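Listing of upload_7.pdb, PDB, C-alpha atoms
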```
MODEL        1
ATOM      1  CA  MET J   7       0.000   0.000   0.000
ATOM      2  CA  HIS J   8       2.771   2.402   1.033
ATOM      3  CA  ARG J   9       4.819   1.527  -2.069
ATOM      4  CA  ARG J  10       1.823   2.177  -4.377
ATOM      5  CA  TRP J  11       1.252   5.599  -2.744
ATOM      6  CA  VAL J  12       4.912   6.554  -3.178
ATOM      7  CA  ALA J  13       4.871   5.465  -6.825
ATOM      8  CA  GLY J  14       1.704   7.461  -7.488
ATOM      9  CA  ALA J  15       3.133  10.544  -5.788
ATOM     10  CA  ALA J  16       6.286  10.264  -7.865
ATOM     11  CA  ALA J  17       4.262  10.098 -11.065
ATOM     12  CA  VAL J  18       2.333  13.234 -10.103
ATOM     13  CA  CYS J  19       5.556  15.075  -9.320
ATOM     14  CA  ALA J  20       6.957  14.042 -12.681
ATOM     15  CA  LEU J  21       3.901  15.416 -14.461
ATOM     16  CA  VAL J  22       4.119  18.676 -12.523
ATOM     17  CA  ALA J  23       7.791  18.988 -13.433
ATOM     18  CA  LEU J  24       7.026  18.447 -17.108
ATOM     19  CA  ALA J  25       4.268  21.035 -16.977
ATOM     20  CA  CYS J  26       6.612  23.547 -15.344
ATOM     21  CA  GLU J  27       9.258  22.938 -17.980
ATOM     22  CA  ALA J  28       6.672  23.399 -20.747
ATOM     23  CA  GLY J  29       5.541  26.645 -19.132
ATOM     24  CA  GLU J  30       9.096  27.955 -19.040
ATOM     25  CA  ASP J  31       9.423  27.242 -22.758
ATOM     26  CA  GLY J  32       6.208  29.172 -23.502
ATOM     27  CA  ASP J  33       4.247  26.119 -24.650
ATOM     28  CA  GLY J  34       2.347  25.272 -21.471
ATOM     29  CA  PRO J  35      -1.354  25.760 -20.764
ATOM     30  CA  GLY J  36      -2.393  29.408 -20.655
ATOM     31  CA  THR J  37       0.877  30.636 -22.145
ATOM     32  CA  PRO J  38       0.548  32.568 -25.440
ATOM     33  CA  ALA J  39       2.285  30.825 -28.300
ATOM     34  CA  PRO J  40       5.223  32.838 -29.677
ATOM     35  CA  PRO J  41       5.089  34.095 -33.265
ATOM     36  CA  PRO J  42       6.155  31.452 -35.787
ATOM     37  CA  PRO J  43       9.903  31.691 -36.501
ATOM     38  CA  GLY J  44      10.782  34.078 -39.295
ATOM     39  CA  THR J  45       7.400  35.808 -39.531
ATOM     40  CA  ASP J  46       8.788  39.158 -38.304
ATOM     41  CA  LEU J  47       5.322  40.291 -37.192
ATOM     42  CA  PRO J  48       4.862  43.831 -35.877
ATOM     43  CA  SER J  49       4.068  44.483 -32.221
ATOM     44  CA  SER J  50       2.352  47.858 -32.721
ATOM     45  CA  MET J  51       0.415  49.520 -35.501
ATOM     46  CA  ALA J  52      -1.294  52.724 -36.595
ATOM     47  CA  ALA J  53      -4.114  53.363 -39.058
ATOM     48  CA  LEU J  54      -4.191  56.446 -41.298
ATOM     49  CA  GLY J  55      -7.110  57.463 -43.461
ATOM     50  CA  ASP J  56     -10.660  58.728 -43.452
ATOM     51  CA  SER J  57     -14.144  57.743 -42.299
ATOM     52  CA  ILE J  58     -13.960  54.241 -43.763
ATOM     53  CA  THR J  59     -11.049  53.356 -41.493
ATOM     54  CA  ALA J  60     -12.776  55.114 -38.571
ATOM     55  CA  GLY J  61     -15.702  52.669 -38.909
ATOM     56  CA  TYR J  62     -18.070  55.530 -39.646
ATOM     57  CA  GLY J  63     -21.722  54.519 -39.710
ATOM     58  CA  SER J  64     -21.132  50.943 -38.551
ATOM     59  CA  CYS J  65     -22.688  51.448 -35.090
ATOM     60  CA  ILE J  66     -26.321  52.443 -35.779
ATOM     61  CA  VAL J  67     -25.616  56.195 -36.064
ATOM     62  CA  LEU J  68     -23.587  58.233 -38.543
ATOM     63  CA  THR J  69     -20.489  58.774 -36.474
ATOM     64  CA  SER J  70     -17.118  57.121 -36.021
ATOM     65  CA  CYS J  71     -17.192  53.627 -34.538
ATOM     66  CA  ARG J  72     -13.538  52.704 -34.297
ATOM     67  CA  ARG J  73     -14.115  49.357 -32.643
ATOM     68  CA  ASN J  74     -15.443  48.197 -36.030
ATOM     69  CA  SER J  75     -12.498  49.476 -38.066
ATOM     70  CA  TRP J  76     -11.139  47.016 -40.626
ATOM     71  CA  SER J  77      -7.632  48.083 -39.583
ATOM     72  CA  THR J  78      -7.394  48.586 -35.810
ATOM     73  CA  GLY J  79     -10.845  47.623 -34.535
ATOM     74  CA  ASP J  80     -10.951  45.751 -31.235
ATOM     75  CA  GLY J  81     -14.660  44.862 -31.148
ATOM     76  CA  PHE J  82     -16.206  41.429 -31.520
ATOM     77  CA  ARG J  83     -18.140  42.062 -34.738
ATOM     78  CA  VAL J  84     -15.163  42.711 -37.019
ATOM     79  CA  GLU J  85     -12.054  40.551 -37.244
ATOM     80  CA  SER J  86      -9.741  43.451 -37.944
ATOM     81  CA  LEU J  87      -6.195  43.400 -39.243
ATOM     82  CA  TYR J  88      -5.050  44.236 -35.713
ATOM     83  CA  GLN J  89      -6.904  41.273 -34.223
ATOM     84  CA  ARG J  90      -5.566  38.911 -36.887
ATOM     85  CA  ILE J  91      -1.989  39.974 -36.119
ATOM     86  CA  ALA J  92      -2.533  39.801 -32.347
ATOM     87  CA  GLU J  93      -3.779  36.228 -32.649
ATOM     88  CA  ILE J  94      -0.363  35.247 -33.970
ATOM     89  CA  ASN J  95       1.748  37.779 -32.066
ATOM     90  CA  PRO J  96       0.297  38.495 -28.588
ATOM     91  CA  ALA J  97       2.769  41.371 -28.171
ATOM     92  CA  MET J  98       0.439  43.358 -30.441
ATOM     93  CA  GLU J  99      -2.353  43.316 -27.816
ATOM     94  CA  GLY J 100      -3.355  46.867 -26.884
ATOM     95  CA  GLN J 101      -0.787  48.438 -29.209
ATOM     96  CA  GLU J 102      -3.156  49.658 -31.940
ATOM     97  CA  HIS J 103      -3.710  53.337 -32.747
ATOM     98  CA  ASP J 104      -6.321  54.792 -35.104
ATOM     99  CA  PHE J 105      -5.465  58.267 -36.378
ATOM    100  CA  SER J 106      -7.976  58.272 -39.243
ATOM    101  CA  VAL J 107     -10.261  61.309 -39.486
ATOM    102  CA  PRO J 108     -13.726  61.316 -41.109
ATOM    103  CA  GLY J 109     -13.716  63.680 -44.060
ATOM    104  CA  ALA J 110      -9.930  63.650 -44.363
ATOM    105  CA  ARG J 111      -8.370  64.110 -47.762
ATOM    106  CA  ALA J 112      -4.837  63.175 -48.761
ATOM    107  CA  ALA J 113      -3.636  66.650 -47.762
ATOM    108  CA  ALA J 114      -4.256  65.698 -44.106
ATOM    109  CA  LEU J 115      -2.310  62.447 -44.311
ATOM    110  CA  ALA J 116       1.061  63.897 -43.292
ATOM    111  CA  ASP J 117      -0.304  65.067 -39.930
ATOM    112  CA  GLN J 118      -1.709  61.603 -39.300
ATOM    113  CA  ALA J 119       1.650  60.112 -40.235
ATOM    114  CA  ALA J 120       3.320  62.366 -37.657
ATOM    115  CA  SER J 121       0.998  60.912 -35.019
ATOM    116  CA  ALA J 122       2.072  57.406 -36.058
ATOM    117  CA  VAL J 123       5.688  58.482 -35.598
ATOM    118  CA  ASP J 124       4.872  59.814 -32.114
ATOM    119  CA  VAL J 125       3.698  56.356 -30.975
ATOM    120  CA  SER J 126       6.607  54.549 -32.696
ATOM    121  CA  ALA J 127       4.276  52.329 -34.728
ATOM    122  CA  GLN J 128       5.954  49.326 -36.322
ATOM    123  CA  TYR J 129       3.202  48.842 -38.899
ATOM    124  CA  VAL J 130       1.091  51.498 -40.642
ATOM    125  CA  THR J 131      -1.991  51.091 -42.829
ATOM    126  CA  VAL J 132      -3.126  53.748 -45.298
ATOM    127  CA  LEU J 133      -6.533  54.032 -46.981
ATOM    128  CA  ILE J 134      -7.203  57.489 -48.423
ATOM    129  CA  GLY J 135      -8.740  59.140 -51.476
ATOM    130  CA  ALA J 136     -12.536  58.844 -51.303
ATOM    131  CA  ASN J 137     -12.940  62.391 -50.001
ATOM    132  CA  ASP J 138     -10.618  63.732 -52.689
ATOM    133  CA  VAL J 139     -13.159  62.653 -55.325
ATOM    134  CA  CYS J 140     -16.339  63.106 -53.277
ATOM    135  CA  ARG J 141     -16.658  66.841 -53.768
ATOM    136  CA  ALA J 142     -19.487  69.075 -54.897
ATOM    137  CA  THR J 143     -18.543  68.670 -58.559
ATOM    138  CA  PRO J 144     -15.841  66.815 -60.522
ATOM    139  CA  GLN J 145     -14.123  70.176 -61.056
ATOM    140  CA  ASP J 146     -13.520  70.341 -57.290
ATOM    141  CA  MET J 147     -11.751  66.982 -57.105
ATOM    142  CA  THR J 148      -8.098  66.935 -56.081
ATOM    143  CA  SER J 149      -5.878  66.625 -59.131
ATOM    144  CA  ALA J 150      -3.943  63.395 -59.523
ATOM    145  CA  ALA J 151      -0.653  65.310 -59.277
ATOM    146  CA  ALA J 152      -1.654  67.056 -56.044
ATOM    147  CA  PHE J 153      -2.909  63.763 -54.629
ATOM    148  CA  ARG J 154       0.466  62.150 -55.342
ATOM    149  CA  ASP J 155       2.298  65.050 -53.706
ATOM    150  CA  ASP J 156       0.151  64.681 -50.587
ATOM    151  CA  VAL J 157       0.742  60.933 -50.352
ATOM    152  CA  ASP J 158       4.483  61.314 -50.986
ATOM    153  CA  ARG J 159       4.718  63.922 -48.232
ATOM    154  CA  ALA J 160       2.999  61.598 -45.744
ATOM    155  CA  LEU J 161       5.235  58.689 -46.682
ATOM    156  CA  ARG J 162       8.317  60.864 -46.224
ATOM    157  CA  VAL J 163       7.153  61.614 -42.681
ATOM    158  CA  LEU J 164       6.905  57.883 -42.037
ATOM    159  CA  GLY J 165      10.220  57.131 -43.714
ATOM    160  CA  ASP J 166      12.079  59.797 -41.758
ATOM    161  CA  GLY J 167      10.451  59.050 -38.405
ATOM    162  CA  LEU J 168       9.902  55.292 -38.646
ATOM    163  CA  PRO J 169      12.589  53.978 -41.024
ATOM    164  CA  GLN J 170      12.050  50.376 -39.893
ATOM    165  CA  ALA J 171       8.244  50.403 -39.991
ATOM    166  CA  LYS J 172       6.329  48.552 -42.663
ATOM    167  CA  VAL J 173       3.538  50.307 -44.538
ATOM    168  CA  LEU J 174       0.463  48.813 -46.188
ATOM    169  CA  VAL J 175      -1.237  51.050 -48.762
ATOM    170  CA  LEU J 176      -4.680  50.015 -49.947
ATOM    171  CA  SER J 177      -6.342  50.989 -53.197
ATOM    172  CA  ILE J 178      -9.490  53.116 -53.118
ATOM    173  CA  PRO J 179     -12.724  51.086 -53.291
ATOM    174  CA  ASP J 180     -14.601  51.125 -56.595
ATOM    175  CA  LEU J 181     -16.954  54.022 -55.885
ATOM    176  CA  TYR J 182     -18.411  53.840 -59.385
ATOM    177  CA  ARG J 183     -19.589  50.331 -58.590
ATOM    178  CA  LEU J 184     -21.428  51.864 -55.648
ATOM    179  CA  TRP J 185     -23.529  53.846 -58.098
ATOM    180  CA  GLU J 186     -23.937  50.808 -60.369
ATOM    181  CA  ILE J 187     -25.377  48.546 -57.679
ATOM    182  CA  GLY J 188     -27.400  51.171 -55.814
ATOM    183  CA  HIS J 189     -28.973  53.643 -58.231
ATOM    184  CA  GLY J 190     -31.864  51.314 -59.014
ATOM    185  CA  GLU J 191     -32.970  51.024 -55.377
ATOM    186  CA  GLU J 192     -35.224  53.789 -54.070
ATOM    187  CA  ARG J 193     -34.087  53.475 -50.427
ATOM    188  CA  VAL J 194     -30.474  53.879 -51.497
ATOM    189  CA  VAL J 195     -31.132  56.883 -53.729
ATOM    190  CA  ARG J 196     -33.086  58.597 -50.923
ATOM    191  CA  ALA J 197     -30.056  58.280 -48.671
ATOM    192  CA  TRP J 198     -27.697  59.597 -51.335
ATOM    193  CA  ASP J 199     -29.960  62.587 -51.952
ATOM    194  CA  ARG J 200     -28.976  63.911 -48.518
ATOM    195  CA  GLY J 201     -25.640  64.967 -50.000
ATOM    196  CA  VAL J 202     -23.588  61.781 -50.080
ATOM    197  CA  CYS J 203     -20.629  62.103 -52.485
ATOM    198  CA  PRO J 204     -22.434  64.536 -54.819
ATOM    199  CA  SER J 205     -19.791  64.488 -57.554
ATOM    200  CA  LEU J 206     -20.724  60.837 -58.139
ATOM    201  CA  LEU J 207     -24.109  60.175 -56.538
ATOM    202  CA  ALA J 208     -26.127  63.371 -57.026
ATOM    203  CA  ASP J 209     -29.141  62.818 -59.317
ATOM    204  CA  ALA J 210     -28.346  59.130 -59.172
ATOM    205  CA  THR J 211     -31.138  58.110 -61.522
ATOM    206  CA  ALA J 212     -30.258  60.644 -64.215
ATOM    207  CA  THR J 213     -29.080  59.087 -67.470
ATOM    208  CA  ASP J 214     -28.377  62.176 -69.579
ATOM    209  CA  GLU J 215     -24.967  62.763 -71.102
ATOM    210  CA  ALA J 216     -23.892  65.308 -68.491
ATOM    211  CA  ALA J 217     -24.636  62.910 -65.617
ATOM    212  CA  THR J 218     -22.894  60.070 -67.417
ATOM    213  CA  GLN J 219     -19.783  62.169 -68.037
ATOM    214  CA  ARG J 220     -19.770  63.401 -64.439
ATOM    215  CA  ARG J 221     -19.750  59.867 -63.061
ATOM    216  CA  ALA J 222     -17.127  58.781 -65.590
ATOM    217  CA  ALA J 223     -14.887  61.631 -64.448
ATOM    218  CA  VAL J 224     -15.081  60.367 -60.853
ATOM    219  CA  ARG J 225     -14.414  56.780 -61.956
ATOM    220  CA  ASP J 226     -11.370  57.873 -63.967
ATOM    221  CA  ARG J 227      -9.995  60.015 -61.130
ATOM    222  CA  VAL J 228     -10.199  57.100 -58.689
ATOM    223  CA  ALA J 229      -8.254  55.002 -61.206
ATOM    224  CA  ALA J 230      -5.662  57.782 -61.468
ATOM    225  CA  TYR J 231      -5.350  57.990 -57.680
ATOM    226  CA  ASN J 232      -4.808  54.254 -57.464
ATOM    227  CA  ARG J 233      -1.995  54.486 -59.979
ATOM    228  CA  GLU J 234      -0.422  57.242 -57.891
ATOM    229  CA  LEU J 235      -0.780  55.204 -54.709
ATOM    230  CA  ALA J 236       1.021  52.316 -56.385
ATOM    231  CA  GLY J 237       3.749  54.638 -57.635
ATOM    232  CA  ALA J 238       4.193  56.314 -54.244
ATOM    233  CA  CYS J 239       4.536  52.945 -52.561
ATOM    234  CA  ARG J 240       7.131  51.780 -55.090
ATOM    235  CA  ALA J 241       9.089  54.978 -54.587
ATOM    236  CA  TYR J 242       9.038  54.466 -50.819
ATOM    237  CA  GLY J 243      10.917  51.206 -51.127
ATOM    238  CA  ASP J 244      10.641  47.600 -50.080
ATOM    239  CA  ARG J 245       9.098  48.414 -46.687
ATOM    240  CA  CYS J 246       5.910  49.599 -48.410
ATOM    241  CA  ARG J 247       3.403  47.143 -49.826
ATOM    242  CA  PHE J 248       0.546  48.103 -52.177
ATOM    243  CA  ASP J 249      -2.481  45.835 -52.462
ATOM    244  CA  ASP J 250      -2.199  45.782 -56.292
ATOM    245  CA  GLY J 251      -5.789  46.989 -56.575
ATOM    246  CA  ALA J 252      -7.283  44.220 -54.429
ATOM    247  CA  VAL J 253      -9.637  46.520 -52.490
ATOM    248  CA  HIS J 254     -10.704  48.326 -55.653
ATOM    249  CA  ASP J 255     -11.427  45.021 -57.371
ATOM    250  CA  THR J 256     -13.527  43.671 -54.490
ATOM    251  CA  ARG J 257     -17.136  43.112 -55.581
ATOM    252  CA  PHE J 258     -18.977  44.421 -52.541
ATOM    253  CA  THR J 259     -22.788  44.473 -52.343
ATOM    254  CA  VAL J 260     -25.439  46.891 -51.075
ATOM    255  CA  ASP J 261     -25.934  44.596 -48.083
ATOM    256  CA  GLN J 262     -22.355  45.354 -46.996
ATOM    257  CA  LEU J 263     -23.129  49.086 -46.639
ATOM    258  CA  ASN J 264     -24.725  50.740 -43.623
ATOM    259  CA  ARG J 265     -28.450  51.476 -43.912
ATOM    260  CA  LEU J 266     -28.131  55.193 -43.126
ATOM    261  CA  ASP J 267     -26.039  56.553 -45.989
ATOM    262  CA  TYR J 268     -25.457  53.461 -48.175
ATOM    263  CA  PHE J 269     -21.909  54.661 -48.678
ATOM    264  CA  HIS J 270     -19.805  53.542 -45.721
ATOM    265  CA  PRO J 271     -19.294  49.841 -44.958
ATOM    266  CA  ASP J 272     -21.330  48.178 -42.228
ATOM    267  CA  THR J 273     -19.706  45.484 -40.095
ATOM    268  CA  ASP J 274     -19.983  42.973 -42.948
ATOM    269  CA  GLY J 275     -18.272  45.447 -45.250
ATOM    270  CA  GLN J 276     -15.575  46.190 -42.687
ATOM    271  CA  ASN J 277     -14.972  42.460 -42.298
ATOM    272  CA  LEU J 278     -14.604  42.140 -46.052
ATOM    273  CA  LEU J 279     -12.065  44.985 -46.083
ATOM    274  CA  ALA J 280     -10.129  43.340 -43.255
ATOM    275  CA  GLU J 281     -10.054  40.029 -45.108
ATOM    276  CA  VAL J 282      -8.845  41.590 -48.347
ATOM    277  CA  ALA J 283      -6.286  43.756 -46.543
ATOM    278  CA  TYR J 284      -4.879  40.819 -44.582
ATOM    279  CA  ALA J 285      -4.538  38.730 -47.715
ATOM    280  CA  ALA J 286      -2.749  41.604 -49.451
ATOM    281  CA  SER J 287      -0.514  42.417 -46.495
ATOM    282  CA  GLY J 288       1.710  39.371 -46.807
ATOM    283  CA  LEU J 289       1.409  38.839 -43.059
ATOM    284  CA  ALA J 290      -0.698  35.709 -43.565
ATOM    285  CA  GLY J 291       2.390  33.840 -44.747
TER     286      GLY J 291
ENDMDL
END
```

Do you think you could lay out the structure here as C-alpha cells?
Amino acid sequence: MHRRWVAGAAAVCALVALACEAGEDGDGPGTPAPPPPGTDLPSSMAALGDSITAGYGSCIVLTSCRRNSWSTGDGFRVESLYQRIAEINPAMEGQEHDFSVPGARAAALADQAASAVDVSAQYVTVLIGANDVCRATPQDMTSAAAFRDDVDRALRVLGDGLPQAKVLVLSIPDLYRLWEIGHGEERVVRAWDRGVCPSLLADATATDEAATQRRAAVRDRVAAYNRELAGACRAYGDRCRFDDGAVHDTRFTVDQLNRLDYFHPDTDGQNLLAEVAYAASGLAG
C-alpha cells in the first residue's frame, strides 16, 4: 500500500515537473504561443485614413465607430487586421492606434503620419482618397498630381520618423460600382440625396450625357489615384506594400453598406475589407 502511494506521488511530481518545464518554454497551458519563426510580425500599428477606417456609420448612427475598423478595430463584430496579427503575435495586444479622421483628404495624411511616428508604430496602414473625389462637382476633385504630392509627403514623414516600420497602402474602393449597384434602389437613392458624395451620386437616376460624363470623371480620377498610390509605394521602397488593386477590385454588395447613408461599410463590409487587406498584407504567410 505504502509503495503504491509513493509510486503514485512520484508520477504526479513528474507530471508537474514536465508542466513547469513546458511553461518555461512558452508552450504550457495558458501561455501565449510565440510568433512562428521568421514571420517578423509587428508588435504595434497605426491606421491612417478617413471615415472608412474610422468605422463611420457601422454602429447604428452616422459617427465614427472605431471598434469596427477594418484596420485597428478591437470589437467582436469585425475581425480586424489588428486582431488577426494579435492572434499570432500576442505582443500586439493593446498596441493599436487609429489616427484616421472622417472627411480627411490626402492633404491631411502627413499630420496623421506624424501621429504614427509619435507612438513609434511598427506597422502602418493607409486608406485614403474617397474624399478627394467626393466633392461638390468633378471640377472640385483633387488633381492626380496634387494627390500624389500629398501621399508622398505623408510617406516621407513615415520614412524619416519610422525607417524600420512597414507600410500597407490600400487601393481606393470602386466608388463607381457603388452607383452601379445602388442607383436602381429607391431606399439607397433617398439616402444619397442627402448629399452623399455629390460628384458621383447626385441625381443618381439621371441618365443624360452630363450625368454620365460626371460619373465617368469620378471613376477615372479614382483610377488615377490608385496608380499614384502604387507609384508612391514603389518609390518608398521595399518596406511599403501596395495591395495591387485588391480593395478596388472587391465586388462588394449593397448589403455590406450601412443602412443610413449606403456609402460607408457596415460590419460585414468592414470584415470584407479586413479580409482583403490581410490577404494583401503578406502577413498571412

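Using all atoms listed in the file, the shortest contact distance between Arg141 (chain J) and any of J:Leu47, J:Leu206, J:Val194, J:Val84 is found at J:Leu206.
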
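Under the PyMOL selection byres ((chain J and resi 172-184) around 7), the matching residues in the shown file are J:Gln128, J:Tyr129, J:Val130, J:Thr131, J:Val132, J:Leu133, J:Ile134, J:Gly135, J:Ala136, J:Gln170, J:Ala171, J:Trp185, J:Glu186, J:Ile187, J:Gly188, J:Arg225, J:Val228, J:Asn232, J:Arg245, J:Cys246, J:Arg247, J:Phe248, J:Asp249, J:Gly251, J:Ala252, J:Val253, J:His254, J:Asp255, J:Ser287.
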
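Here the PyMOL selection byres ((chain J and resi 66) around 9) catches exactly these residues: J:Gly63, J:Ser64, J:Cys65, J:Val67, J:Leu68, J:Thr69, J:Asn264, J:Arg265, J:Leu266.
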
Exercise. What lies within 9 Å of Asp117 (chain J) using only C-alpha atoms, ignoring chain neighbours under 4 positions off, as a PyMOL selection string?
Worked result: chain J and resi 113+121-122+160+163

For this session: Could you tell me which of J:Gly55, J:Gly79, J:Gly201, J:Pro144 comes closest to Ser106 (chain J) if we count all atoms listed in the file?
Result: J:Gly55

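The coordinates place CA of Glu85 (chain J) at 6.9 Å from CA of Ala280 (chain J).
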
Exercise. So how far away is CA of Asp261 (chain J) from CA of Gln276 (chain J), in Å?
Worked result: 11.8 Å

For this session: Kindly give the distance, in Å, that separates CA of Val260 (chain J) and CA of Asp209 (chain J), rounded to a single decimal.
Result: 18.3 Å

For this session: Could you list the residues chosen by the PyMOL selection byres ((chain J and resi 90) around 10) in this structure as a ChimeraX atom specification?
Result: /J:77-78,85-89,91-95,98,280-281,284,289-290

For this session: Could you check which of J:Val107, J:Ala285, J:Ala97, J:Leu161 is closest to Arg240 (chain J), using only C-alpha atoms?
Result: J:Leu161
